[in-house]
>>> print(open('input.cif').read())   # mmCIF, C-alpha atoms
data_protein
#
loop_
_atom_site.label_atom_id
_atom_site.label_comp_id
_atom_site.auth_asym_id
_atom_site.auth_seq_id
_atom_site.Cartn_x
_atom_site.Cartn_y
_atom_site.Cartn_z
CA MET A 14 8.39 -12.07 22.40
CA ILE A 15 7.91 -10.47 19.06
CA PHE A 16 10.78 -8.01 19.37
CA ASP A 17 13.64 -10.43 18.96
CA GLY A 18 16.87 -9.56 17.15
CA PHE A 19 15.30 -9.88 13.71
CA MET A 20 12.34 -7.69 14.60
CA ILE A 21 14.58 -5.01 16.11
CA ALA A 22 16.83 -5.01 13.06
CA GLY A 23 13.81 -4.94 10.74
CA THR A 24 12.19 -2.11 12.68
CA ILE A 25 15.36 -0.02 12.40
CA VAL A 26 15.75 -0.70 8.68
CA CYS A 27 12.08 0.12 7.99
CA ALA A 28 12.18 3.23 10.19
CA VAL A 29 15.26 4.54 8.38
CA SER A 30 13.51 3.92 5.05
CA VAL A 31 10.35 5.73 6.18
CA LEU A 32 12.25 8.69 7.65
CA LEU A 33 14.51 9.14 4.62
CA GLY A 34 11.47 8.80 2.35
CA LEU A 35 9.53 11.46 4.28
CA TRP A 36 12.56 13.74 4.41
CA SER A 37 13.06 13.34 0.65
CA THR A 38 9.36 14.01 0.03
CA ALA A 39 9.66 17.28 1.90
CA ARG A 40 12.93 18.34 0.36
CA HIS A 41 13.18 17.04 -3.19
CA ARG A 42 11.19 16.82 -6.39
CA PHE A 43 12.77 13.61 -7.54
CA PRO A 44 13.28 10.12 -6.14
CA THR A 45 16.45 10.45 -4.08
CA ASP A 46 19.21 7.91 -3.76
CA ALA A 47 18.50 7.90 -0.03
CA SER A 48 14.92 6.73 -0.63
CA ILE A 49 15.93 4.12 -3.17
CA LEU A 50 18.89 2.72 -1.25
CA SER A 51 17.04 2.58 2.05
CA LEU A 52 14.17 0.76 0.34
CA ALA A 53 16.73 -1.62 -1.16
CA ALA A 54 18.02 -2.19 2.38
CA VAL A 55 14.48 -3.16 3.41
CA GLU A 56 14.38 -5.67 0.56
CA LEU A 57 17.79 -7.02 1.54
CA PHE A 58 16.62 -7.39 5.11
CA LEU A 59 13.56 -9.36 3.95
CA VAL A 60 15.75 -11.71 1.91
CA VAL A 61 18.10 -12.29 4.86
CA TYR A 62 15.10 -12.73 7.17
CA GLY A 63 13.61 -15.26 4.73
CA ILE A 64 16.84 -17.25 4.45
CA ALA A 65 17.25 -17.26 8.23
CA ALA A 66 13.62 -18.32 8.62
CA GLY A 67 14.17 -21.17 6.17
CA VAL A 68 17.25 -22.34 8.04
CA ARG A 69 15.57 -22.09 11.43
CA GLN A 70 12.37 -23.81 10.31
CA SER A 71 14.19 -26.63 8.55
CA GLY A 72 16.26 -26.95 11.73
CA GLY A 73 13.09 -27.86 13.59
CA GLU A 74 11.78 -24.57 14.98
CA THR A 75 8.02 -24.57 15.05
CA LEU A 76 5.60 -21.75 14.38
CA VAL A 77 2.60 -20.81 16.47
CA GLY A 78 0.57 -20.09 13.33
CA ALA A 79 0.49 -21.70 9.91
CA ALA A 80 3.80 -21.88 8.05
CA TRP A 81 2.25 -20.96 4.72
CA GLU A 82 0.71 -17.86 6.25
CA PHE A 83 4.20 -16.80 7.32
CA TRP A 84 5.65 -17.48 3.87
CA GLY A 85 2.67 -15.80 2.23
CA TYR A 86 3.37 -12.64 4.19
CA LEU A 87 7.06 -12.78 3.38
CA ALA A 88 6.47 -13.26 -0.35
CA THR A 89 3.90 -10.44 -0.37
CA ALA A 90 6.27 -8.12 1.53
CA ILE A 91 9.06 -8.77 -0.98
CA LEU A 92 6.59 -8.08 -3.78
CA VAL A 93 5.37 -4.86 -2.13
CA VAL A 94 8.92 -3.48 -2.06
CA LEU A 95 9.50 -4.37 -5.71
CA LEU A 96 6.19 -2.84 -6.78
CA ALA A 97 6.84 0.31 -4.75
CA GLY A 98 10.26 0.71 -6.31
CA TRP A 99 8.85 0.29 -9.79
CA TRP A 100 5.83 2.51 -9.18
CA GLY A 101 7.81 5.12 -7.25
CA ILE A 102 10.55 5.55 -9.83
CA GLY A 103 8.14 5.23 -12.77
CA GLU A 104 7.28 8.87 -12.39
CA LYS A 105 10.10 10.96 -11.09
CA SER A 106 8.52 13.43 -8.74
CA ARG A 107 8.33 14.43 -5.10
CA TRP A 108 5.76 11.72 -4.50
CA SER A 109 8.06 8.92 -5.60
CA ASN A 110 9.69 9.29 -2.19
CA LEU A 111 6.36 9.10 -0.36
CA VAL A 112 5.45 5.90 -2.23
CA MET A 113 8.74 4.34 -1.10
CA ALA A 114 8.24 5.58 2.47
CA ALA A 115 4.77 3.99 2.51
CA ALA A 116 6.31 0.70 1.38
CA GLY A 117 8.75 0.80 4.30
CA PHE A 118 5.85 1.28 6.71
CA THR A 119 3.83 -1.51 5.06
CA VAL A 120 6.76 -3.90 5.39
CA PHE A 121 7.07 -3.02 9.07
CA VAL A 122 3.41 -3.91 9.65
CA MET A 123 3.81 -7.14 7.70
CA LEU A 124 6.99 -8.01 9.61
CA PHE A 125 5.05 -7.54 12.83
CA ARG A 126 2.38 -9.94 11.54
CA MET A 127 5.05 -12.48 10.50
CA GLN A 128 6.49 -12.36 14.01
CA GLN A 129 2.99 -12.87 15.42
CA VAL A 130 2.48 -15.90 13.21
CA TRP A 131 5.82 -17.30 14.28
CA ILE A 132 6.04 -16.40 17.96
CA GLY A 133 2.51 -15.56 19.10
CA GLN A 134 0.88 -12.50 20.54
CA GLY A 135 3.19 -11.31 23.35
CA ILE A 136 4.98 -8.16 22.28
CA PHE A 137 7.82 -8.24 24.79
CA MET B 14 14.39 25.06 -1.47
CA ASP B 15 13.97 22.42 -4.10
CA LYS B 16 17.04 21.46 -5.97
CA GLN B 17 16.07 21.22 -9.57
CA GLN B 18 18.69 19.12 -11.28
CA PRO B 19 19.52 16.58 -8.69
CA ARG B 20 23.04 15.82 -7.72
CA GLY B 21 21.89 13.23 -5.25
CA SER B 22 19.78 11.17 -7.57
CA ARG B 23 22.09 9.12 -9.70
CA ILE B 24 20.09 5.94 -9.43
CA ALA B 25 16.70 7.25 -10.52
CA SER B 26 18.18 9.15 -13.46
CA ARG B 27 19.54 5.90 -14.85
CA VAL B 28 16.29 4.04 -14.62
CA HIS B 29 14.34 4.24 -17.81
CA GLY B 30 11.04 5.68 -16.75
CA ASP B 31 8.53 7.85 -18.53
CA PRO B 32 9.26 11.01 -20.51
CA THR B 33 8.77 13.24 -17.48
CA ALA B 34 12.41 12.73 -16.68
CA LEU B 35 14.43 14.34 -13.98
CA ASP B 36 15.35 17.38 -16.01
CA ALA B 37 11.67 18.20 -16.45
CA PRO B 38 10.08 17.73 -13.05
CA ALA B 39 6.37 17.08 -13.19
CA ALA B 40 4.27 20.13 -12.54
CA GLU B 41 3.14 19.98 -8.95
CA SER B 42 0.39 22.53 -9.24
CA ALA B 43 -1.47 19.97 -11.36
CA GLN B 44 -2.42 22.69 -13.77
CA ASP B 45 -3.68 20.03 -16.12
CA ARG B 46 -6.47 18.41 -14.16
CA SER B 47 -7.52 15.90 -16.73
CA PRO B 48 -7.91 12.13 -16.35
CA GLU B 49 -4.57 11.81 -18.14
CA ARG B 50 -2.88 13.32 -15.08
CA LYS B 51 -4.77 11.07 -12.72
CA ASN B 52 -1.83 8.74 -12.05
CA ARG B 53 0.69 11.54 -11.66
CA GLY B 54 2.06 13.40 -8.71
CA LEU B 55 0.02 12.94 -5.57
CA GLY B 56 -2.02 10.36 -7.47
CA ARG B 57 0.99 8.05 -7.31
CA ILE B 58 0.77 7.72 -3.55
CA ILE B 59 -3.04 7.44 -3.53
CA ILE B 60 -2.81 4.58 -6.02
CA ALA B 61 0.01 3.00 -4.01
CA VAL B 62 -2.16 2.97 -0.89
CA TYR B 63 -5.02 1.46 -2.90
CA ALA B 64 -2.60 -1.19 -4.20
CA VAL B 65 -1.48 -2.09 -0.69
CA PHE B 66 -5.10 -2.57 0.36
CA ALA B 67 -5.90 -4.53 -2.80
CA LEU B 68 -2.97 -6.85 -2.22
CA SER B 69 -3.45 -7.33 1.51
CA ALA B 70 -7.22 -7.70 1.35
CA LEU B 71 -6.89 -10.18 -1.50
CA ALA B 72 -4.18 -12.22 0.22
CA ARG B 73 -5.90 -12.20 3.58
CA SER B 74 -9.39 -13.05 2.35
CA THR B 75 -8.09 -15.80 0.05
CA PHE B 76 -6.22 -17.27 3.00
CA GLN B 77 -9.35 -17.09 5.17
CA LEU B 78 -11.51 -18.52 2.40
CA PHE B 79 -9.47 -21.72 2.39
CA THR B 80 -8.92 -22.02 6.14
CA ILE B 81 -11.61 -20.55 8.40
CA PHE B 82 -14.48 -19.76 6.03
CA HIS B 83 -17.00 -21.71 8.09
CA GLU B 84 -16.21 -19.62 11.18
CA ALA B 85 -17.25 -16.31 9.64
CA PRO B 86 -18.81 -16.79 6.21
CA VAL B 87 -20.40 -13.33 6.03
CA ALA B 88 -17.30 -11.43 7.13
CA ILE B 89 -15.04 -13.35 4.77
CA THR B 90 -17.40 -13.01 1.80
CA LEU B 91 -17.54 -9.26 2.42
CA SER B 92 -13.74 -9.20 2.63
CA MET B 93 -13.56 -10.92 -0.76
CA ILE B 94 -15.90 -8.31 -2.22
CA ALA B 95 -13.82 -5.54 -0.64
CA ALA B 96 -10.67 -7.04 -2.12
CA ALA B 97 -12.27 -7.13 -5.59
CA VAL B 98 -13.38 -3.50 -5.28
CA TYR B 99 -9.85 -2.44 -4.25
CA VAL B 100 -8.33 -4.31 -7.19
CA VAL B 101 -10.71 -2.64 -9.66
CA ALA B 102 -10.16 0.77 -8.06
CA THR B 103 -6.37 0.42 -8.11
CA ILE B 104 -6.22 -0.58 -11.76
CA SER B 105 -8.73 1.99 -12.98
CA LEU B 106 -7.09 4.79 -10.97
CA ALA B 107 -3.72 3.89 -12.44
CA ARG B 108 -5.03 3.81 -16.01
CA THR B 109 -5.60 7.03 -17.85
CA GLY B 110 -8.51 7.84 -20.10
CA VAL B 111 -12.14 8.67 -19.74
CA ARG B 112 -13.50 5.15 -19.40
CA ALA B 113 -11.02 4.31 -16.64
CA TRP B 114 -12.19 7.45 -14.86
CA TYR B 115 -15.80 6.24 -14.85
CA VAL B 116 -14.81 2.74 -13.72
CA ALA B 117 -12.71 4.26 -10.92
CA MET B 118 -15.60 6.49 -9.91
CA GLY B 119 -17.92 3.49 -9.74
CA ALA B 120 -15.44 1.47 -7.70
CA VAL B 121 -14.83 4.31 -5.23
CA ILE B 122 -18.58 4.87 -4.76
CA VAL B 123 -19.10 1.13 -4.15
CA GLU B 124 -16.17 1.28 -1.73
CA LEU B 125 -17.70 4.20 0.16
CA LEU B 126 -21.13 2.56 0.37
CA GLY B 127 -19.50 -0.75 1.27
CA ILE B 128 -17.54 0.55 4.21
CA ILE B 129 -20.54 2.45 5.60
CA VAL B 130 -22.94 -0.49 5.26
CA VAL B 131 -20.47 -3.06 6.58
CA SER B 132 -19.39 -0.83 9.47
CA VAL B 133 -22.97 -0.15 10.57
CA LEU B 134 -23.72 -3.85 10.21
CA SER B 135 -20.69 -4.81 12.28
CA TYR B 136 -21.84 -2.60 15.15
CA ALA B 137 -25.50 -3.65 14.82
CA ASP B 138 -24.87 -7.39 14.58
CA PRO B 139 -21.40 -8.30 15.89
CA GLN B 140 -22.13 -12.03 15.61
CA LEU B 141 -21.80 -11.75 11.86
CA PHE B 142 -18.22 -10.60 12.31
CA PRO B 143 -16.36 -12.94 14.66
CA LYS B 144 -13.34 -12.21 12.49
CA ALA B 145 -12.76 -8.60 11.56
CA SER B 146 -12.97 -7.76 7.88
CA VAL B 147 -11.32 -4.85 6.13
CA TRP B 148 -14.51 -2.83 6.16
CA SER B 149 -15.93 -3.70 9.58
CA HIS B 150 -15.87 -1.08 12.36
CA PHE B 151 -14.81 1.66 9.92
CA GLY B 152 -11.53 -0.11 9.24
CA GLN B 153 -10.44 0.00 12.86
CA GLY B 154 -7.99 -2.85 12.40
CA TYR B 155 -6.25 -0.88 9.67
CA GLY B 156 -5.95 2.45 11.45
CA TYR B 157 -9.24 3.72 9.93
CA VAL B 158 -7.43 4.15 6.63
CA PRO B 159 -10.14 2.14 4.79
CA PHE B 160 -12.69 4.74 5.91
CA ALA B 161 -10.60 7.72 4.80
CA LEU B 162 -9.52 6.18 1.52
CA PRO B 163 -12.79 6.48 -0.49
CA PHE B 164 -13.05 10.17 0.43
CA VAL B 165 -9.52 10.76 -0.76
CA GLY B 166 -10.25 8.78 -3.92
CA LEU B 167 -13.45 10.70 -4.54
CA TRP B 168 -11.69 14.04 -4.09
CA TRP B 169 -8.89 12.99 -6.41
CA LEU B 170 -11.31 11.82 -9.11
CA LEU B 171 -13.47 14.95 -8.85
CA THR B 172 -10.42 17.18 -9.28
CA HIS B 173 -9.35 15.17 -12.31
CA ARG B 174 -12.64 14.69 -14.08
CA PRO B 175 -12.99 14.43 -17.83
CA ARG B 176 -14.06 17.57 -19.59
CA ARG B 177 -17.40 17.54 -21.33
CA GLY B 178 -17.07 16.13 -24.81
CA ALA B 179 -13.49 15.01 -24.35
CA ALA B 180 -12.56 12.09 -26.53
CA SER B 181 -11.43 8.93 -24.87
#
>>> encode(input="input.cif", output="structure tokens")
Amino acid sequence: MIFDGFMIAGTIVCAVSVLLGLWSTARHRFPTDASILSLAAVELFLVVYGIAAGVRQSGGETLVGAAWEFWGYLATAILVVLLAGWWGIGEKSRWSNLVMAAAGFTVFVMLFRMQQVWIGQGIF
Amino acid sequence: MDKQQPRGSRIASRVHGDPTALDAPAAESAQDRSPERKNRGLGRIIIAVYAVFALSALARSTFQLFTIFHEAPVAITLSMIAAAVYVVATISLARTGVRAWYVAMGAVIVELLGIIVVSVLSYADPQLFPKASVWSHFGQGYGYVPFALPFVGLWWLLTHRPRRGAAS
């Protein structure tokens, strides 16, 4: 099942980031602390997820898919968040928040794919 | 409704960005519709979406190229081309100047033609596409965003076109 503890935690973190980003887009003409901090939380989650994945995989857990596909997704997701932060704050406007919200959504999709590579297709 | 000088934005105000700092919010009416404003405002998010597609298409097609190329050579080759088009479009949309505008325009037109041709092909001859590519079936696997994206890009470029005789 894809929605294990990590996926649930990741979904919540990403959803909070998307919602705060959308709210900030509607309300403010500058990148808000809420957008930035919630995106930072997404990055923190990815790092924790990566460390946990490393521990679990070195402890003998096997993946359904290819390990390097999993790690490729994880590295790309971490990069997406960094790029979105840089690109979003580079111009301080309303749309900075939308860029960060889009990154949160992208990470959610990538997390879903990582879970598929690890666990397989069954959602629940 | 908008708070001008933000109390709740301590982090962003410390980050050294561009001169359009927090105390001078960028004009949202886009009164200056020149290529120099192409990566501003709403353009930021359009470019960000292009970047996501560039990155994911590039990563995915490179992965497929080295693993399952023999299973779907046509689909994967077209995915590589799509990835290249997205990379060019992202960079040229993000850059300012007249030449970048023309490069972006070319990339977006190729993108539009690409998704139409590949989508029609994927319905007409499904055997060519045992593995979905970014552009097959009007970008179904990506929430049809790949089909909407070139229209958005085209609209954005046409509203930010270089004036006649403008120097690059």
>>> resolve_selection(input="input.cif", expression="the PyMOL selection byres ((chain B and resi 160) around 10)", output="PyMOL selection string")
chain B and resi 124-125+127-129+132+147-153+155-159+161-165
>>> closest_residue(input="input.cif", among="B:Ala102, B:Ala107, B:Ala117, B:Ile94", to="chain A", atoms="all atoms listed in the file")
B:Ala107
>>> resolve_selection(input="input.cif", expression="the PyMOL selection byres ((chain A and resi 55-72) around 12)", output="ChimeraX atom specification")
/A:18-31,48-54,73-77,80-81,83-98,113-114,116-121,123-124,127-128,131
>>> closest_residue(input="input.cif", among="B:Ala97, B:Val123, B:Leu134, B:Ile59", to="chain A", atoms="all atoms listed in the file")
B:Ile59
>>> interface_residues(input="input.cif", of="chain A", to="chain B", cutoff="6 Å", atoms="only C-alpha atoms", output="number ranges by chain")
A: 41, 45-46, 103, 108, 112
>>> residues_around(input="input.cif", residues="B:Val101", least_positions_apart="5", cutoff="9 Å", atoms="all atoms listed in the file", output="number ranges by chain")
B: 67, 96, 106, 116-117, 120
>>> atom_distance(input="input.cif", atom1="atom CA of B:Leu171", atom2="atom CA of B:Arg112")
14.4 Å
>>> resolve_selection(input="input.cif", expression="the PyMOL selection byres ((chain B and resi 175) around 6)", output="VMD selection string")
chain B and resid 47 to 48 174 176
